[in-house]
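Text of coords-v8.cif (mmCIF, C-alpha atoms) as supplied:
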data_model
loop_
_atom_site.label_atom_id
_atom_site.label_comp_id
_atom_site.auth_asym_id
_atom_site.auth_seq_id
_atom_site.Cartn_x
_atom_site.Cartn_y
_atom_site.Cartn_z
CA MET A 1 -6.92 -22.15 2.03
CA GLU A 2 -9.14 -22.83 5.05
CA LYS A 3 -8.67 -19.30 6.36
CA CYS A 4 -10.54 -17.88 3.35
CA GLN A 5 -13.72 -19.83 4.01
CA GLU A 6 -15.22 -17.20 6.29
CA ILE A 7 -15.48 -14.91 3.26
CA ASP A 8 -18.55 -16.02 1.37
CA GLU A 9 -18.93 -15.97 -2.40
CA LEU A 10 -20.90 -12.72 -2.41
CA ASP A 11 -18.26 -10.93 -0.35
CA ARG A 12 -15.62 -12.20 -2.76
CA LYS A 13 -17.61 -10.75 -5.65
CA ILE A 14 -17.86 -7.44 -3.80
CA VAL A 15 -14.10 -7.42 -3.15
CA ARG A 16 -13.47 -8.10 -6.84
CA ALA A 17 -15.79 -5.23 -7.82
CA LEU A 18 -14.24 -2.79 -5.33
CA GLN A 19 -10.68 -3.55 -6.34
CA GLY A 20 -11.37 -2.68 -9.97
CA ASP A 21 -11.42 0.84 -11.33
CA PHE A 22 -13.82 2.85 -9.15
CA PRO A 23 -16.49 4.24 -11.49
CA LEU A 24 -16.38 8.04 -11.69
CA VAL A 25 -20.14 8.36 -12.13
CA ALA A 26 -22.91 9.75 -9.94
CA GLU A 27 -23.97 6.32 -8.63
CA PRO A 28 -20.77 4.24 -8.58
CA TYR A 29 -21.99 1.64 -6.06
CA LYS A 30 -25.01 0.90 -8.25
CA VAL A 31 -22.66 0.04 -11.13
CA MET A 32 -20.63 -2.30 -8.89
CA ALA A 33 -23.77 -3.83 -7.38
CA GLU A 34 -24.96 -4.71 -10.89
CA GLN A 35 -21.62 -6.44 -11.54
CA CYS A 36 -22.33 -8.56 -8.46
CA GLY A 37 -25.96 -9.21 -9.38
CA ILE A 38 -27.37 -7.56 -6.22
CA SER A 39 -29.21 -4.34 -5.38
CA GLU A 40 -27.37 -1.14 -4.53
CA GLU A 41 -28.86 -1.28 -0.99
CA GLU A 42 -27.48 -4.75 -0.38
CA PHE A 43 -24.10 -3.77 -1.80
CA LEU A 44 -23.87 -0.70 0.48
CA ALA A 45 -24.98 -2.71 3.50
CA ARG A 46 -22.38 -5.41 2.84
CA VAL A 47 -19.64 -2.78 2.41
CA GLU A 48 -20.62 -1.27 5.77
CA VAL A 49 -20.34 -4.70 7.40
CA MET A 50 -16.93 -5.29 5.82
CA ARG A 51 -15.81 -1.93 7.15
CA ALA A 52 -17.11 -2.74 10.62
CA GLU A 53 -15.32 -6.10 10.50
CA LYS A 54 -12.15 -4.25 9.45
CA LYS A 55 -11.89 -6.26 6.26
CA ILE A 56 -11.88 -2.86 4.56
CA ARG A 57 -9.36 -0.47 6.11
CA LYS A 58 -10.05 2.59 4.05
CA MET A 59 -11.68 3.81 0.88
CA GLY A 60 -10.36 6.85 -0.87
CA ALA A 61 -8.03 8.50 -3.32
CA VAL A 62 -4.53 7.22 -4.00
CA LEU A 63 -2.26 9.99 -5.24
CA ARG A 64 0.86 9.67 -7.33
CA HIS A 65 3.10 11.10 -4.67
CA ARG A 66 5.92 12.15 -6.99
CA GLU A 67 3.43 14.28 -8.89
CA VAL A 68 2.11 15.97 -5.75
CA GLY A 69 5.57 17.04 -4.57
CA PHE A 70 6.84 14.17 -2.40
CA LYS A 71 9.60 13.32 -4.83
CA ALA A 72 11.83 11.21 -2.64
CA ASN A 73 11.30 8.33 -0.29
CA VAL A 74 13.41 5.78 1.48
CA LEU A 75 12.73 2.52 3.24
CA VAL A 76 14.69 2.59 6.49
CA ALA A 77 15.37 -0.60 8.44
CA TRP A 78 16.24 0.07 12.10
CA GLU A 79 17.85 -2.14 14.70
CA VAL A 80 15.89 -1.52 17.88
CA PRO A 81 16.55 -3.31 21.17
CA ALA A 82 13.64 -5.72 21.76
CA GLU A 83 12.60 -4.03 25.01
CA ARG A 84 12.23 -0.67 23.25
CA LEU A 85 10.62 -1.90 20.03
CA ASP A 86 7.00 -1.08 20.83
CA GLU A 87 7.77 2.36 22.24
CA VAL A 88 10.09 3.33 19.35
CA ALA A 89 7.66 1.99 16.72
CA ARG A 90 4.86 4.11 18.17
CA GLN A 91 7.07 7.17 18.26
CA MET A 92 8.19 6.77 14.64
CA ALA A 93 4.63 6.07 13.50
CA GLU A 94 3.67 9.49 14.88
CA SER A 95 5.90 11.27 12.39
CA PRO A 96 3.98 12.83 9.49
CA HIS A 97 6.90 11.89 7.20
CA VAL A 98 6.44 8.18 7.94
CA SER A 99 3.71 6.44 5.90
CA HIS A 100 4.37 2.84 6.95
CA CYS A 101 5.88 1.51 10.16
CA TYR A 102 6.13 -2.27 10.64
CA ASP A 103 7.88 -4.51 13.12
CA ARG A 104 9.34 -7.46 11.21
CA ASN A 105 11.29 -10.65 11.81
CA THR A 106 15.08 -10.56 11.82
CA ALA A 107 17.45 -13.10 10.26
CA PRO A 108 20.94 -14.35 11.20
CA ASP A 109 22.76 -11.79 9.03
CA TRP A 110 20.02 -9.19 9.28
CA PRO A 111 19.53 -7.52 12.67
CA TYR A 112 16.95 -4.93 11.61
CA ASN A 113 13.51 -5.30 13.18
CA LEU A 114 11.67 -2.04 12.47
CA TYR A 115 10.83 -0.68 9.02
CA THR A 116 9.71 2.83 8.20
CA MET A 117 8.85 4.32 4.81
CA VAL A 118 10.00 7.94 4.94
CA HIS A 119 8.88 10.57 2.43
CA GLY A 120 10.54 13.87 1.66
CA THR A 121 11.03 16.44 -1.05
CA SER A 122 14.56 15.26 -1.90
CA ARG A 123 17.16 12.70 -0.85
CA GLU A 124 18.77 15.34 1.40
CA ASP A 125 15.38 16.02 2.99
CA CYS A 126 14.93 12.27 3.62
CA GLU A 127 18.39 12.11 5.23
CA GLU A 128 17.48 15.00 7.53
CA ILE A 129 14.16 13.45 8.51
CA VAL A 130 15.86 10.14 9.30
CA GLU A 131 18.56 11.92 11.33
CA GLY A 132 15.71 13.55 13.24
CA LEU A 133 14.00 10.23 13.93
CA ALA A 134 17.32 8.78 15.10
CA ALA A 135 17.92 11.73 17.42
CA GLU A 136 14.37 11.61 18.85
CA THR A 137 14.46 7.90 19.56
CA GLY A 138 18.16 7.34 20.25
CA ILE A 139 18.17 4.51 17.70
CA THR A 140 21.20 4.99 15.51
CA ASN A 141 21.84 1.64 13.85
CA ARG A 142 19.95 1.60 10.60
CA THR A 143 20.25 0.93 6.91
CA MET A 144 18.87 3.20 4.21
CA LEU A 145 17.29 1.17 1.42
CA TYR A 146 16.94 3.74 -1.35
CA THR A 147 15.16 2.65 -4.51
CA LYS A 148 17.32 2.17 -7.58
CA LYS A 149 14.50 0.99 -9.80
CA GLU A 150 10.80 0.39 -9.41
CA TRP A 151 10.09 -2.92 -11.14
CA LYS A 152 6.48 -3.28 -10.05
CA LYS A 153 3.95 -1.32 -8.05
CA THR A 154 0.40 -2.59 -8.18
CA SER A 155 -2.49 -3.10 -5.85
CA MET A 156 -3.42 -6.62 -4.87
CA ARG A 157 -6.11 -8.43 -6.83
CA TYR A 158 -7.79 -10.63 -4.24
CA PHE A 159 -9.74 -13.79 -4.98
CA THR A 160 -8.54 -14.11 -8.55
CA GLU A 161 -6.64 -17.37 -8.04
CA ALA A 162 -7.79 -20.06 -10.42
CA MET B 1 0.81 18.96 -16.32
CA GLN B 2 -1.41 21.69 -14.87
CA ALA B 3 -0.66 22.90 -11.34
CA LEU B 4 -3.15 21.86 -8.66
CA THR B 5 -5.67 24.54 -7.76
CA THR B 6 -6.77 25.27 -4.20
CA PHE B 7 -10.01 23.46 -4.98
CA ASP B 8 -8.16 20.40 -6.31
CA LYS B 9 -6.07 20.21 -3.15
CA ALA B 10 -9.13 20.48 -0.93
CA LEU B 11 -10.88 17.79 -2.98
CA LEU B 12 -7.90 15.40 -2.88
CA ASN B 13 -7.27 15.99 0.82
CA LEU B 14 -10.91 15.24 1.57
CA LEU B 15 -11.01 12.20 -0.69
CA GLN B 16 -7.79 10.59 0.53
CA GLY B 17 -9.31 9.00 3.56
CA ASN B 18 -12.93 9.62 3.14
CA LEU B 19 -14.83 8.21 0.24
CA PRO B 20 -18.46 8.24 1.40
CA VAL B 21 -20.31 4.93 1.26
CA CYS B 22 -23.77 6.02 0.12
CA SER B 23 -25.75 6.15 -3.07
CA ARG B 24 -24.34 9.50 -4.24
CA PRO B 25 -20.84 9.75 -2.74
CA PHE B 26 -19.66 12.53 -5.04
CA GLN B 27 -22.76 14.56 -4.25
CA LYS B 28 -21.84 14.28 -0.57
CA LEU B 29 -18.26 15.40 -1.24
CA ALA B 30 -19.60 18.28 -3.34
CA GLU B 31 -21.78 19.43 -0.46
CA GLU B 32 -18.80 19.42 1.88
CA LEU B 33 -16.81 21.46 -0.62
CA GLY B 34 -19.68 23.81 -1.46
CA THR B 35 -19.98 22.82 -5.09
CA GLU B 36 -21.89 20.59 -7.51
CA GLU B 37 -21.61 16.83 -7.95
CA SER B 38 -20.83 17.32 -11.66
CA VAL B 39 -17.89 19.60 -10.81
CA VAL B 40 -16.40 17.02 -8.43
CA LEU B 41 -16.73 14.24 -11.03
CA GLU B 42 -15.28 16.41 -13.77
CA ARG B 43 -12.28 17.46 -11.68
CA LEU B 44 -11.59 13.89 -10.56
CA LYS B 45 -11.61 12.66 -14.16
CA ALA B 46 -9.21 15.47 -15.10
CA LEU B 47 -6.90 14.80 -12.12
CA LYS B 48 -6.78 11.15 -13.08
CA GLU B 49 -5.95 11.99 -16.67
CA GLU B 50 -3.27 14.46 -15.58
CA GLY B 51 -1.67 11.81 -13.38
CA TYR B 52 -2.13 13.33 -9.90
CA LEU B 53 -4.77 10.79 -8.94
CA ARG B 54 -3.55 7.20 -9.31
CA ARG B 55 -6.95 5.76 -8.54
CA ILE B 56 -9.85 5.76 -6.13
CA GLY B 57 -9.53 2.58 -4.27
CA THR B 58 -10.49 0.32 -1.46
CA PHE B 59 -7.76 -0.73 0.94
CA PHE B 60 -8.37 -4.17 2.29
CA ASN B 61 -6.90 -5.66 5.41
CA SER B 62 -5.23 -8.59 3.69
CA SER B 63 -5.04 -10.77 6.79
CA ARG B 64 -8.78 -10.31 7.46
CA LEU B 65 -9.44 -11.51 3.93
CA GLY B 66 -7.45 -14.62 4.79
CA TYR B 67 -4.19 -13.67 3.09
CA GLU B 68 -0.65 -13.93 4.39
CA GLY B 69 1.69 -11.06 3.62
CA THR B 70 5.43 -10.72 3.82
CA LEU B 71 8.40 -8.66 2.66
CA VAL B 72 11.15 -10.61 0.91
CA ALA B 73 14.71 -9.41 0.39
CA LEU B 74 16.97 -11.04 -2.16
CA ARG B 75 20.68 -10.80 -2.73
CA VAL B 76 20.92 -11.19 -6.49
CA ARG B 77 24.05 -11.42 -8.60
CA GLU B 78 24.39 -8.07 -10.37
CA ASP B 79 24.19 -9.53 -13.89
CA ARG B 80 20.97 -11.41 -13.04
CA VAL B 81 18.96 -8.64 -11.36
CA GLU B 82 16.87 -7.83 -14.39
CA GLN B 83 15.93 -11.45 -15.11
CA VAL B 84 15.08 -12.15 -11.46
CA ALA B 85 13.08 -8.91 -11.14
CA LYS B 86 11.07 -9.84 -14.23
CA ALA B 87 10.41 -13.33 -12.87
CA ILE B 88 9.17 -11.80 -9.58
CA ASN B 89 6.93 -9.42 -11.54
CA THR B 90 5.03 -12.38 -12.99
CA LEU B 91 3.94 -13.57 -9.53
CA ALA B 92 0.31 -12.54 -8.94
CA GLY B 93 0.81 -11.88 -5.22
CA ALA B 94 3.97 -9.81 -5.68
CA THR B 95 2.51 -6.31 -5.53
CA HIS B 96 5.64 -4.19 -5.04
CA ASN B 97 9.06 -5.06 -6.41
CA TYR B 98 12.00 -2.68 -6.03
CA GLU B 99 15.68 -2.77 -6.78
CA ARG B 100 17.37 -1.11 -3.80
CA GLU B 101 20.78 0.08 -2.70
CA GLY B 102 22.68 -2.32 -0.45
CA GLY B 103 23.73 -5.96 -0.37
CA TYR B 104 20.14 -7.17 -0.50
CA ASN B 105 19.34 -5.54 -3.80
CA LEU B 106 15.85 -6.76 -4.72
CA TRP B 107 12.87 -6.36 -2.37
CA PHE B 108 9.30 -7.44 -2.98
CA THR B 109 6.08 -7.78 -1.04
CA LEU B 110 4.14 -11.01 -1.41
CA LEU B 111 0.50 -11.76 -0.56
CA THR B 112 -0.68 -15.37 -0.73
CA PRO B 113 -3.85 -17.21 0.36
CA SER B 114 -1.92 -19.48 2.75
CA SER B 115 1.53 -20.11 4.22
CA GLU B 116 1.78 -23.29 2.12
CA VAL B 117 1.41 -21.27 -1.07
CA GLU B 118 3.91 -18.72 0.27
CA SER B 119 6.49 -21.43 1.03
CA ALA B 120 6.07 -22.98 -2.41
CA ILE B 121 6.50 -19.62 -4.16
CA LEU B 122 9.51 -18.66 -2.05
CA ALA B 123 11.19 -22.00 -2.75
CA ARG B 124 10.86 -21.29 -6.47
CA VAL B 125 12.20 -17.74 -6.02
CA ARG B 126 15.17 -18.96 -3.98
CA ALA B 127 16.03 -21.40 -6.77
CA LEU B 128 16.12 -18.73 -9.50
CA ASP B 129 19.51 -18.42 -11.17
CA GLY B 130 21.48 -15.57 -9.57
CA VAL B 131 19.64 -15.53 -6.21
CA GLU B 132 22.42 -15.89 -3.63
CA SER B 133 20.43 -15.40 -0.46
CA MET B 134 16.88 -14.62 0.66
CA LEU B 135 15.29 -13.08 3.77
CA ASN B 136 11.61 -13.65 4.58
CA LEU B 137 10.76 -10.61 6.73
CA ARG B 138 7.28 -11.36 8.00
CA ALA B 139 5.55 -8.49 9.79
CA ASN B 140 4.75 -9.06 13.45
CA ARG B 141 2.90 -5.83 13.93
CA LYS B 142 1.81 -2.97 11.71
CA TYR B 143 2.02 0.32 13.56
CA LYS B 144 1.09 2.54 10.65
CA ILE B 145 -0.26 2.04 7.15
CA ASN B 146 -1.18 5.42 5.86
CA VAL B 147 -0.27 6.62 2.46
CA GLN B 148 -1.83 10.04 2.75
CA PHE B 149 -0.23 13.25 1.72
CA LYS B 150 -1.71 16.45 2.98
CA LEU B 151 -1.60 18.95 0.13
CA ALA B 152 -1.04 22.52 1.26
#
Let me see whether you can do it: turn the structure in this file into structure tokens.
Amino acid sequence: MEKCQEIDELDRKIVRALQGDFPLVAEPYKVMAEQCGISEEEFLARVEVMRAEKKIRKMGAVLRHREVGFKANVLVAWEVPAERLDEVARQMAESPHVSHCYDRNTAPDWPYNLYTMVHGTSREDCEEIVEGLAAETGITNRTMLYTKKEWKKTSMRYFTEA
Amino acid sequence: MQALTTFDKALLNLLQGNLPVCSRPFQKLAEELGTEESVVLERLKALKEEGYLRRIGTFFNSSRLGYEGTLVALRVREDRVEQVAKAINTLAGATHNYEREGGYNLWFTLLTPSSEVESAILARVRALDGVESMLNLRANRKYKINVQFKLA
């Protein structure tokens, strides 16, 4: 746990407040500051520091993408030659249809090293987008990991371990 | 479910990456959209109720908070998928858990406070009845993390 020690107790409280339901009221940060037992000014200042330190990546709305028209998605695992990995990853990350693009470890029976989450309006649309990415990059070996069932989708609750 | 209005789309597009950090954030958004703070708050409450807006949230960089993250793929015997999926769901650090097409049929993301905790959890997962094989696909580099959908 030693890596967590650079986050002090107040920052942990602030993280816990921010990861709860964001209050839809005129002064939401004041509500969260009260939960932490500090002033609104101190809360805002600490949040700015956490943003500057890149502990916070982004604050904003999370949409239910099925409801807003992006009805289909697919996780695609690509097998990219090591010497092209960085270049291909950057190219795929540029696509507006790709929300996540990670380079990951391989395993003995698993040669795939690049993962993209591709969003489209239908399964056919996803197939077309992926064909396009393959054509643009010249990477053809891939596996399409379509979802059969969503068992869990939550956001992380940090610093709640007993 | 009501269709999104032009105003709703503008509001959601603006809010997706851009929640202001100031005393009156919704007032600031209202100014940018040429409306009143109360209108923004009212619409956001309605969009949440109607299901378009999952939440307003803060996205943390898990590694900067001291957490280790990984993607785990399991090959689970078909008649045990449900039981294994439910066992994974009970893990606090398992945030996403999906049954997928292919030989590796259950995939979950796992965030833990240390690699020791991760190893201990994965040893327990590997030992679950029906789990035939497991891949620990740790990320080396994240090129894009951006769940934003431009609404037109």
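Going from atom CA of Val88 of chain A to atom CA of Gly138 of chain A covers 9.1 Å.
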Test item: the PyMOL selection byres ((chain B) within 6 of (chain A)) resolved as a compact mmCIF listing (two decimals) with C-alpha atoms, keeping the file's coordinate frame:
# COMPACT_ATOMS: atom_id res chain seq x y z
CA LEU B 15 -11.01 12.20 -0.69
CA GLN B 16 -7.79 10.59 0.53
CA GLY B 17 -9.31 9.00 3.56
CA ASN B 18 -12.93 9.62 3.14
CA LEU B 19 -14.83 8.21 0.24
CA SER B 23 -25.75 6.15 -3.07
CA ARG B 24 -24.34 9.50 -4.24
CA TYR B 52 -2.13 13.33 -9.90
CA LEU B 53 -4.77 10.79 -8.94
CA ARG B 54 -3.55 7.20 -9.31
CA ARG B 55 -6.95 5.76 -8.54
CA ILE B 56 -9.85 5.76 -6.13
CA GLY B 57 -9.53 2.58 -4.27
CA THR B 58 -10.49 0.32 -1.46
CA PHE B 59 -7.76 -0.73 0.94
CA PHE B 60 -8.37 -4.17 2.29
CA ASN B 61 -6.90 -5.66 5.41
CA ARG B 64 -8.78 -10.31 7.46
CA GLY B 66 -7.45 -14.62 4.79
CA THR B 95 2.51 -6.31 -5.53
CA HIS B 96 5.64 -4.19 -5.04
CA ASN B 97 9.06 -5.06 -6.41
CA TYR B 98 12.00 -2.68 -6.03
CA GLU B 99 15.68 -2.77 -6.78
CA ARG B 100 17.37 -1.11 -3.80
CA GLU B 101 20.78 0.08 -2.70
CA SER B 114 -1.92 -19.48 2.75
CA LEU B 137 10.76 -10.61 6.73
CA ARG B 138 7.28 -11.36 8.00
CA ALA B 139 5.55 -8.49 9.79
CA ASN B 140 4.75 -9.06 13.45
CA ARG B 141 2.90 -5.83 13.93
CA LYS B 142 1.81 -2.97 11.71
CA TYR B 143 2.02 0.32 13.56
CA LYS B 144 1.09 2.54 10.65
CA ILE B 145 -0.26 2.04 7.15
CA ASN B 146 -1.18 5.42 5.86
CA VAL B 147 -0.27 6.62 2.46
Selection near Val125 of chain B, 9 Å with all atoms listed in the file, sequence-local residues under 3 positions removed, as a PyMOL selection string: chain B and resi 84+87-88+120-122+128-129+131+134
Counting all atoms listed in the file, note down every residue that has an atom within 12 Å of the point (-17.4, 19.2, 2.0) (file coordinates), as a ChimeraX atom specification. /B:7,10-15,18-20,25-37,40
For atom CA of Phe108 of chain B and atom CA of Ala73 of chain B, determine how far apart the two atoms are, in Å to one decimal place.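 Atom-to-atom, atom CA of Phe108 of chain B and atom CA of Ala73 of chain B are spaced 6.7 Å apart.
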I'd like the interatomic distance between atom CA of Val81 of chain B and atom CA of Cys126 of chain A, to a tenth of an Å.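 Straight-line distance from atom CA of Val81 of chain B to atom CA of Cys126 of chain A works out to 26.0 Å.
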Under the rule that all atoms listed in the file are counted, which of A:Glu42, A:Glu131, A:Glu9, A:Glu124 is the nearest residue to Val76 of chain A?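 Distance minimum relative to Val76 of chain A lands on A:Glu131.
Minimum distance to Trp78 of chain A across A:Ile129, A:Pro111, A:Val31, A:Ala135 (counting only C-alpha atoms) occurs at A:Pro111.
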Please write the residues picked by the PyMOL selection byres ((chain B and resi 111) around 7) on this file as a list in words.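 Applying the PyMOL selection byres ((chain B and resi 111) around 7) to the structure shown produces Tyr67, Glu68, Gly69, Thr70, Gly93, Ala94, Thr109, Leu110 and Thr112 of chain B.
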Those selected residues, please, written with C-alpha atoms and delivered as a PDB file, in the frame of the given file.
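out34.pdb written:
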ATOM      1  CA  TYR B  67      -4.190 -13.670   3.090  1.00  0.00           C
ATOM      2  CA  GLU B  68      -0.650 -13.930   4.390  1.00  0.00           C
ATOM      3  CA  GLY B  69       1.690 -11.060   3.620  1.00  0.00           C
ATOM      4  CA  THR B  70       5.430 -10.720   3.820  1.00  0.00           C
ATOM      5  CA  GLY B  93       0.810 -11.880  -5.220  1.00  0.00           C
ATOM      6  CA  ALA B  94       3.970  -9.810  -5.680  1.00  0.00           C
ATOM      7  CA  THR B 109       6.080  -7.780  -1.040  1.00  0.00           C
ATOM      8  CA  LEU B 110       4.140 -11.010  -1.410  1.00  0.00           C
ATOM      9  CA  THR B 112      -0.680 -15.370  -0.730  1.00  0.00           C
TER      10      THR B 112
END
How big is the axis-aligned box around the listed atoms of segment 25-32 of chain B once 6 Å is added on each side, and where is its centre? Give both in Å to one decimal, as AutoDock Vina command-line options.
--center_x -20.5 --center_y 14.6 --center_z -1.6 --size_x 16.5 --size_y 21.7 --size_z 18.9
